[in-house]
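Everything below belongs to work34.cif, which stores mmCIF, C-alpha atoms.
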data_protein
loop_
_atom_site.label_atom_id
_atom_site.label_comp_id
_atom_site.auth_asym_id
_atom_site.auth_seq_id
_atom_site.Cartn_x
_atom_site.Cartn_y
_atom_site.Cartn_z
CA MET A 4 -7.39 -20.69 14.01
CA THR A 5 -9.14 -17.56 12.75
CA ARG A 6 -7.36 -15.97 9.83
CA LYS A 7 -6.31 -12.35 10.30
CA ILE A 8 -5.99 -9.89 7.44
CA ASN A 9 -5.38 -6.17 7.11
CA LEU A 10 -7.14 -3.70 4.83
CA ASN A 11 -5.10 -0.67 3.76
CA ALA A 12 -5.68 2.43 1.66
CA ASP A 13 -3.58 5.32 0.35
CA LEU A 14 -4.84 8.49 1.99
CA GLY A 15 -3.95 12.13 2.59
CA GLU A 16 -3.72 12.78 -1.14
CA SER A 17 -5.44 16.16 -1.18
CA PHE A 18 -3.32 19.25 -1.77
CA GLY A 19 -4.22 22.82 -0.81
CA VAL A 20 -7.74 23.54 -2.09
CA TRP A 21 -7.71 20.41 -4.29
CA GLU A 22 -9.62 17.53 -2.66
CA MET A 23 -8.87 13.87 -3.37
CA GLY A 24 -10.56 10.81 -1.96
CA CYS A 25 -12.96 10.13 0.93
CA ASP A 26 -10.50 9.71 3.77
CA ASP A 27 -12.94 10.18 6.64
CA GLN A 28 -15.19 7.40 5.32
CA LEU A 29 -12.36 4.99 4.49
CA LEU A 30 -10.83 5.39 7.94
CA ARG A 31 -13.96 3.77 9.40
CA ILE A 32 -13.34 0.70 7.24
CA ILE A 33 -9.61 0.04 6.89
CA GLY A 34 -6.90 -0.97 9.37
CA ALA A 35 -3.87 0.81 7.90
CA ALA A 36 -3.47 4.23 6.29
CA ASN A 37 -0.62 4.98 3.89
CA ILE A 38 -0.35 8.76 4.06
CA ALA A 39 1.10 10.88 1.25
CA CYS A 40 4.20 12.83 2.27
CA GLY A 41 4.02 15.83 -0.04
CA PHE A 42 6.01 14.66 -3.06
CA HIS A 43 3.12 13.25 -5.12
CA ALA A 44 0.23 14.61 -3.07
CA GLY A 45 -0.51 15.98 0.38
CA ASP A 46 0.83 19.03 2.17
CA PRO A 47 1.69 19.71 5.83
CA LEU A 48 -1.89 20.58 6.82
CA VAL A 49 -3.33 17.58 4.98
CA MET A 50 -0.69 15.28 6.48
CA ARG A 51 -1.38 16.42 10.02
CA ARG A 52 -5.14 16.27 9.60
CA THR A 53 -4.98 12.76 8.12
CA VAL A 54 -2.67 11.54 10.89
CA ARG A 55 -5.04 12.95 13.49
CA GLN A 56 -8.05 11.29 11.85
CA ALA A 57 -6.24 7.96 11.51
CA LEU A 58 -5.21 7.93 15.15
CA ALA A 59 -8.76 8.74 16.22
CA ALA A 60 -9.97 5.80 14.12
CA GLY A 61 -7.39 3.42 15.63
CA VAL A 62 -5.67 2.83 12.29
CA SER A 63 -1.99 1.96 11.71
CA LEU A 64 0.05 4.89 10.37
CA GLY A 65 2.22 4.43 7.30
CA ALA A 66 4.36 6.80 5.23
CA HIS A 67 3.56 6.75 1.49
CA PRO A 68 6.63 8.34 -0.16
CA SER A 69 7.13 8.82 -3.89
CA PHE A 70 9.24 10.30 -6.62
CA PRO A 71 9.15 14.14 -6.62
CA ASP A 72 6.24 14.30 -9.06
CA LEU A 73 3.39 16.45 -7.78
CA GLN A 74 2.13 17.24 -11.27
CA GLY A 75 2.05 13.61 -12.33
CA PHE A 76 0.67 12.24 -9.04
CA GLY A 77 3.82 10.18 -8.65
CA ARG A 78 2.94 7.93 -11.57
CA ARG A 79 5.75 9.01 -13.94
CA ALA A 80 8.95 6.98 -14.07
CA MET A 81 12.08 8.83 -12.97
CA GLN A 82 15.76 7.95 -12.90
CA LEU A 83 17.50 9.38 -9.84
CA PRO A 84 20.93 8.71 -8.31
CA ALA A 85 20.65 6.26 -5.43
CA ALA A 86 21.97 8.72 -2.85
CA GLU A 87 19.49 11.40 -3.93
CA LEU A 88 16.54 8.99 -3.88
CA GLU A 89 17.46 7.64 -0.45
CA ALA A 90 17.68 11.17 0.93
CA MET A 91 14.29 12.05 -0.58
CA LEU A 92 12.72 8.98 0.99
CA ILE A 93 14.23 9.66 4.40
CA TYR A 94 12.96 13.25 4.12
CA GLN A 95 9.40 12.08 3.42
CA ILE A 96 9.35 9.30 6.02
CA GLY A 97 10.74 11.72 8.59
CA ALA A 98 8.04 14.28 7.82
CA LEU A 99 5.25 11.78 8.38
CA ALA A 100 6.93 10.38 11.50
CA GLY A 101 7.17 13.91 12.87
CA MET A 102 3.47 14.52 12.28
CA ALA A 103 2.66 11.23 14.00
CA GLN A 104 4.79 12.13 17.00
CA ALA A 105 3.21 15.59 17.25
CA GLU A 106 -0.21 13.93 17.43
CA GLY A 107 0.84 11.35 20.03
CA GLY A 108 1.16 8.48 17.57
CA GLN A 109 3.88 6.38 15.99
CA LEU A 110 4.73 5.34 12.46
CA THR A 111 4.36 1.61 11.88
CA HIS A 112 5.15 1.08 8.21
CA VAL A 113 6.25 2.45 4.83
CA LYS A 114 4.62 1.78 1.47
CA PRO A 115 6.17 3.38 -1.64
CA HIS A 116 3.77 5.04 -4.07
CA GLY A 117 3.07 4.83 -7.78
CA ALA A 118 5.94 4.63 -10.24
CA LEU A 119 8.50 4.30 -7.44
CA ASN A 120 6.70 1.25 -6.10
CA ASN A 121 6.20 -0.30 -9.55
CA MET A 122 9.83 0.20 -10.56
CA ALA A 123 11.19 -1.10 -7.24
CA CYS A 124 9.11 -4.24 -7.70
CA GLU A 125 11.05 -4.99 -10.90
CA ASN A 126 14.50 -3.53 -10.17
CA ALA A 127 16.47 -5.01 -7.27
CA ALA A 128 18.91 -2.08 -7.19
CA LEU A 129 16.10 0.45 -6.88
CA ALA A 130 14.44 -1.75 -4.28
CA GLY A 131 17.74 -1.67 -2.41
CA SER A 132 17.64 2.13 -2.28
CA VAL A 133 14.12 2.06 -0.85
CA VAL A 134 15.10 -0.54 1.73
CA ALA A 135 18.29 1.34 2.64
CA ALA A 136 16.30 4.52 3.30
CA ILE A 137 13.84 2.71 5.56
CA LYS A 138 16.58 0.89 7.47
CA SER A 139 18.61 4.05 8.00
CA PHE A 140 15.56 5.87 9.38
CA ASP A 141 14.13 3.09 11.55
CA PRO A 142 14.86 -0.61 10.96
CA ALA A 143 11.82 -1.52 13.09
CA LEU A 144 9.41 -0.16 10.47
CA ILE A 145 7.39 -2.62 8.40
CA LEU A 146 7.84 -2.51 4.62
CA LEU A 147 4.45 -2.98 2.94
CA ALA A 148 5.26 -4.35 -0.52
CA PRO A 149 3.46 -6.22 -3.30
CA VAL A 150 3.58 -10.00 -3.28
CA LEU A 151 6.13 -11.73 -5.51
CA SER A 152 8.12 -8.51 -5.95
CA GLN A 153 11.80 -7.68 -5.82
CA LEU A 154 10.92 -5.01 -3.27
CA LEU A 155 9.47 -7.62 -0.93
CA LEU A 156 12.40 -10.01 -1.35
CA VAL A 157 15.12 -7.35 -1.03
CA GLY A 158 13.45 -5.98 2.10
CA ALA A 159 13.30 -9.42 3.70
CA ALA A 160 16.91 -10.19 2.76
CA ALA A 161 17.98 -6.95 4.43
CA GLY A 162 16.27 -7.92 7.66
CA LEU A 163 13.23 -5.66 7.50
CA LYS A 164 9.84 -6.87 8.61
CA VAL A 165 7.87 -7.20 5.38
CA ALA A 166 4.12 -7.41 4.88
CA ALA A 167 2.95 -8.80 1.55
CA GLU A 168 0.17 -6.89 -0.19
CA VAL A 169 -2.39 -7.70 -2.86
CA PHE A 170 -4.72 -5.26 -4.62
CA ALA A 171 -8.48 -5.60 -4.53
CA ASP A 172 -9.02 -3.41 -7.57
CA ARG A 173 -6.15 -4.37 -9.89
CA SER A 174 -5.80 -7.38 -12.17
CA TYR A 175 -2.69 -9.58 -12.35
CA THR A 176 -0.72 -11.14 -15.17
CA ASP A 177 0.22 -14.83 -15.28
CA THR A 178 3.59 -13.94 -13.73
CA GLY A 179 2.06 -12.21 -10.72
CA LYS A 180 2.62 -8.64 -11.89
CA LEU A 181 -0.03 -5.96 -12.11
CA VAL A 182 -1.63 -5.60 -15.52
CA PRO A 183 -0.52 -2.17 -16.83
CA ARG A 184 -3.21 0.49 -16.42
CA SER A 185 -3.10 1.11 -20.18
CA GLN A 186 -4.46 -2.37 -20.90
CA PRO A 187 -8.15 -3.43 -20.81
CA GLY A 188 -9.24 -5.03 -17.56
CA ALA A 189 -6.31 -3.66 -15.55
CA VAL A 190 -8.53 -1.83 -13.05
CA LEU A 191 -11.68 -3.29 -11.48
CA HIS A 192 -14.31 -0.57 -11.36
CA SER A 193 -17.17 -2.12 -9.39
CA ALA A 194 -17.47 -3.13 -5.75
CA ASP A 195 -18.78 -6.57 -6.76
CA ALA A 196 -15.73 -7.22 -8.96
CA CYS A 197 -13.38 -6.22 -6.16
CA VAL A 198 -15.14 -8.49 -3.66
CA GLU A 199 -15.05 -11.38 -6.13
CA GLN A 200 -11.31 -10.93 -6.67
CA VAL A 201 -10.52 -10.75 -2.95
CA LEU A 202 -12.55 -13.85 -2.07
CA ARG A 203 -11.05 -15.74 -5.01
CA MET A 204 -7.52 -14.96 -3.82
CA LEU A 205 -8.31 -15.96 -0.25
CA ASP A 206 -9.96 -19.22 -1.32
CA ALA A 207 -7.13 -20.06 -3.73
CA GLY A 208 -4.34 -19.12 -1.36
CA GLY A 209 -2.70 -16.73 -3.77
CA ILE A 210 -3.05 -14.54 -6.83
CA VAL A 211 -5.45 -15.50 -9.59
CA SER A 212 -4.47 -13.80 -12.85
CA LEU A 213 -6.75 -12.16 -15.38
CA ASP A 214 -6.49 -15.37 -17.43
CA GLY A 215 -7.19 -17.67 -14.47
CA GLN A 216 -3.62 -18.68 -13.59
CA LEU A 217 -3.08 -19.40 -9.87
CA ILE A 218 0.16 -18.38 -8.16
CA ARG A 219 0.17 -19.50 -4.54
CA THR A 220 1.60 -16.92 -2.16
CA GLU A 221 1.13 -15.67 1.38
CA PHE A 222 -0.30 -12.18 1.82
CA HIS A 223 -1.05 -10.07 4.87
CA SER A 224 -2.82 -6.97 3.58
CA ILE A 225 -5.35 -6.03 0.90
CA CYS A 226 -5.19 -2.56 -0.66
CA VAL A 227 -8.22 -0.61 -1.77
CA HIS A 228 -7.16 2.52 -3.63
CA GLY A 229 -8.68 5.60 -2.03
CA ASP A 230 -8.66 7.84 -5.12
CA GLY A 231 -11.31 6.08 -7.22
CA PRO A 232 -15.05 6.77 -7.31
CA GLN A 233 -15.78 3.22 -6.14
CA ALA A 234 -13.31 3.26 -3.23
CA VAL A 235 -15.75 3.58 -0.32
CA ALA A 236 -18.31 1.21 -1.82
CA ALA A 237 -15.63 -1.36 -2.62
CA ALA A 238 -13.97 -1.10 0.78
CA THR A 239 -17.34 -1.40 2.54
CA ALA A 240 -18.31 -4.45 0.51
CA ILE A 241 -14.92 -6.11 0.97
CA ARG A 242 -14.98 -5.55 4.72
CA ALA A 243 -18.48 -7.03 4.98
CA ALA A 244 -17.56 -10.04 2.84
CA LEU A 245 -14.45 -10.77 4.89
CA LEU A 246 -16.32 -10.53 8.18
CA ASP A 247 -19.07 -12.79 6.81
CA ALA A 248 -16.34 -15.29 5.91
CA GLY A 249 -15.15 -15.32 9.54
CA ILE A 250 -11.93 -13.41 8.89
CA CYS A 251 -10.65 -11.08 11.58
CA LEU A 252 -9.68 -7.60 10.33
CA VAL A 253 -6.69 -6.17 12.19
CA LYS A 254 -4.02 -3.47 12.13
CA LEU A 255 -0.98 -4.16 9.98
CA PRO A 256 1.46 -5.27 12.73
CA GLU A 257 -1.04 -7.82 13.99
CA ALA A 258 -1.66 -9.19 10.50
CA LEU A 259 2.07 -9.61 10.00
CA LYS A 260 2.42 -11.59 13.22
CA SER A 261 -0.28 -13.98 12.12
CA GLY A 262 1.29 -14.74 8.74
CA SER A 263 3.93 -17.20 7.67
CA ASP A 264 7.58 -16.32 7.97
CA VAL A 265 8.33 -18.17 4.74
CA LEU A 266 8.43 -15.90 1.69
CA PRO A 267 7.32 -17.31 -1.67
CA ALA A 268 9.82 -17.83 -4.45
CA MET A 269 9.78 -15.43 -7.38
CA VAL A 270 8.02 -16.79 -10.46
#

As structure tokens:
Amino acid sequence: MTRKINLNADLGESFGVWEMGCDDQLLRIIGAANIACGFHAGDPLVMRRTVRQALAAGVSLGAHPSFPDLQGFGRRAMQLPAAELEAMLIYQIGALAGMAQAEGGQLTHVKPHGALNNMACENAALAGSVVAAIKSFDPALILLAPVLSQLLLVGAAAGLKVAAEVFADRSYTDTGKLVPRSQPGAVLHSADACVEQVLRMLDAGGIVSLDGQLIRTEFHSICVHGDGPQAVAAATAIRAALLDAGICLVKLPEALKSGSDVLPAMV
């Protein structure tokens, strides 16, 4: 049976006159767009334009909510009461869903951004707040979460559909976590390095750490960050390599249907 995989990218991260990323080019390559909802990037015009472009490209629509951190691009850790965070997430998801509806589309998934995502991967209570917000808005939405994370496990335990994600341009530790950006080798800067990492993970059936440790795990989607100078080149090269390997590239819901229902144990 042909393996199906999804490619996703974080898009809609411009703001006012400030331009970020190459959304129009990436939308010709990927199968799922995670669109900023205004709290770390994006604004109403950018959100609507990105939704419209994604629908025209036949790409799955996802909300990409964050901490309220426009100045820090959502990458600064914050401590918020659970009720306040849940309300903020519902607010952002609702905004993107409204834009999708106005353009004749429908939201398919939610992927938290930046520090919120990283912290929810480690903290089950914080992951619970994210999951509670998604469930209260629409329990049919897919949670796109990193493999081997508390966020993934808490979402599955709560009954959400969860899609496991790996990163093409980030290195992993021996425990399956992302290498902190402050450390050497954390970010892969060339298209060739990204392709090599993706093919290595597919061949191995899991994450291969920076030191060569294999952690077997199912995954449904591969993320290429859209805010780096190599994003389009990397995404193009990855897409070509996957197609050459006989892998079928699909929207996120279809990739989830083709995967295993058995979630890996935490390491």

Item to complete: Do a neighbour search on stretch 47-51 of chain A at 12 Å with all atoms listed in the file, toss out local chain neighbours closer than 2 positions, and write the hits as a PyMOL selection string.
Response: chain A and resi 14-23+26+36-42+44-45+53-58+64-67+95-96+98-108

What does the PyMOL selection byres ((chain A and resi 113-128) around 7) select in this file, as a short mmCIF file (atom, residue, chain, number, x, y, z; two decimals) with C-alpha atoms, keeping the file's coordinate frame?
data_model
loop_
_atom_site.label_atom_id
_atom_site.label_comp_id
_atom_site.auth_asym_id
_atom_site.auth_seq_id
_atom_site.Cartn_x
_atom_site.Cartn_y
_atom_site.Cartn_z
CA ASN A 37 -0.62 4.98 3.89
CA GLY A 65 2.22 4.43 7.30
CA ALA A 66 4.36 6.80 5.23
CA HIS A 67 3.56 6.75 1.49
CA PRO A 68 6.63 8.34 -0.16
CA SER A 69 7.13 8.82 -3.89
CA PHE A 70 9.24 10.30 -6.62
CA GLY A 77 3.82 10.18 -8.65
CA ARG A 78 2.94 7.93 -11.57
CA ARG A 79 5.75 9.01 -13.94
CA ALA A 80 8.95 6.98 -14.07
CA HIS A 112 5.15 1.08 8.21
CA LEU A 129 16.10 0.45 -6.88
CA ALA A 130 14.44 -1.75 -4.28
CA GLY A 131 17.74 -1.67 -2.41
CA SER A 132 17.64 2.13 -2.28
CA LEU A 144 9.41 -0.16 10.47
CA ILE A 145 7.39 -2.62 8.40
CA LEU A 146 7.84 -2.51 4.62
CA LEU A 147 4.45 -2.98 2.94
CA ALA A 148 5.26 -4.35 -0.52
CA SER A 152 8.12 -8.51 -5.95
CA GLN A 153 11.80 -7.68 -5.82
CA LEU A 154 10.92 -5.01 -3.27
CA VAL A 157 15.12 -7.35 -1.03
#

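With atom CA of A:Ile8 on one side and atom CA of A:Leu252 on the other, the separation reads 5.2 Å.
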
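When all atoms listed in the file are used to compute distances to A:Ala237, the closest of the residues A:Gln216, A:Ala194, A:Lys254, A:Leu202 turns out to be A:Ala194.
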
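Considering only C-alpha atoms, the residue among A:Asp13, A:Asp72, A:Asp214, A:Asp172 positioned nearest to A:Ala189 is A:Asp172.
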
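Note that atom CA of A:Ile33 and atom CA of A:Asn11 are 5.5 Å apart.
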
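Here atom CA of A:Leu73 stands at a distance of 22.7 Å from atom CA of A:Val134.
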
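Each of A:Glu221, A:Asp195, A:Asp206, A:Glu257 was compared to A:Ile241 using all atoms listed in the file, and A:Asp195 turns out to be the nearest.
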
Item to complete: Using the chain letters and numbering of this document, enumerate as a list in words the residues selected by the PyMOL selection byres ((chain A and resi 188) around 12).
Response: Asp172, Arg173, Ser174, Tyr175, Thr176, Leu181, Val182, Pro183, Arg184, Ser185, Gln186, Pro187, Ala189, Val190, Leu191, His192, Ser193, Ala196, Ser212, Leu213 and Asp214 of chain A

Write a file of the just-selected residues containing C-alpha atoms, as an mmCIF file, keeping the file's coordinate frame.
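Listing of out-v5.cif after writing:
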data_model
loop_
_atom_site.group_PDB
_atom_site.id
_atom_site.type_symbol
_atom_site.label_atom_id
_atom_site.label_comp_id
_atom_site.auth_asym_id
_atom_site.auth_seq_id
_atom_site.Cartn_x
_atom_site.Cartn_y
_atom_site.Cartn_z
ATOM 1 C CA ASP A 172 -9.020 -3.410 -7.570
ATOM 2 C CA ARG A 173 -6.150 -4.370 -9.890
ATOM 3 C CA SER A 174 -5.800 -7.380 -12.170
ATOM 4 C CA TYR A 175 -2.690 -9.580 -12.350
ATOM 5 C CA THR A 176 -0.720 -11.140 -15.170
ATOM 6 C CA LEU A 181 -0.030 -5.960 -12.110
ATOM 7 C CA VAL A 182 -1.630 -5.600 -15.520
ATOM 8 C CA PRO A 183 -0.520 -2.170 -16.830
ATOM 9 C CA ARG A 184 -3.210 0.490 -16.420
ATOM 10 C CA SER A 185 -3.100 1.110 -20.180
ATOM 11 C CA GLN A 186 -4.460 -2.370 -20.900
ATOM 12 C CA PRO A 187 -8.150 -3.430 -20.810
ATOM 13 C CA ALA A 189 -6.310 -3.660 -15.550
ATOM 14 C CA VAL A 190 -8.530 -1.830 -13.050
ATOM 15 C CA LEU A 191 -11.680 -3.290 -11.480
ATOM 16 C CA HIS A 192 -14.310 -0.570 -11.360
ATOM 17 C CA SER A 193 -17.170 -2.120 -9.390
ATOM 18 C CA ALA A 196 -15.730 -7.220 -8.960
ATOM 19 C CA SER A 212 -4.470 -13.800 -12.850
ATOM 20 C CA LEU A 213 -6.750 -12.160 -15.380
ATOM 21 C CA ASP A 214 -6.490 -15.370 -17.430
#

Practice prompt. Identify which of the residues A:Val62, A:Ala236, A:Leu30, A:Leu259 lies closest to A:Ser224, counting all atoms listed in the file when measuring atom-to-atom distances.
Written response: A:Leu259

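Comparing the minimum interatomic distances between A:Leu217 and each of A:Val253, A:Met204, A:Val198, A:Leu155, counting all atoms listed in the file, we find that A:Met204 sits nearest.
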
Practice prompt. Compile the contact shell of A:Thr239 as a VMD selection string: residues with an atom at most 8 Å away, counting only C-alpha atoms, same-chain residues fewer than 4 positions apart removed.
Written response: chain A and resid 32 235 243

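Minimum atom-to-atom distances from A:Ala143, A:Ile93, A:Ala234, A:Leu110 to A:Gly158 were compared using only C-alpha atoms, and the lowest value belongs to A:Ala143.
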
Worksheet entry | Within 8 Å of A:Phe170 using only C-alpha atoms, minus same-chain residues under 6 positions, as number ranges by chain | A: 225-227
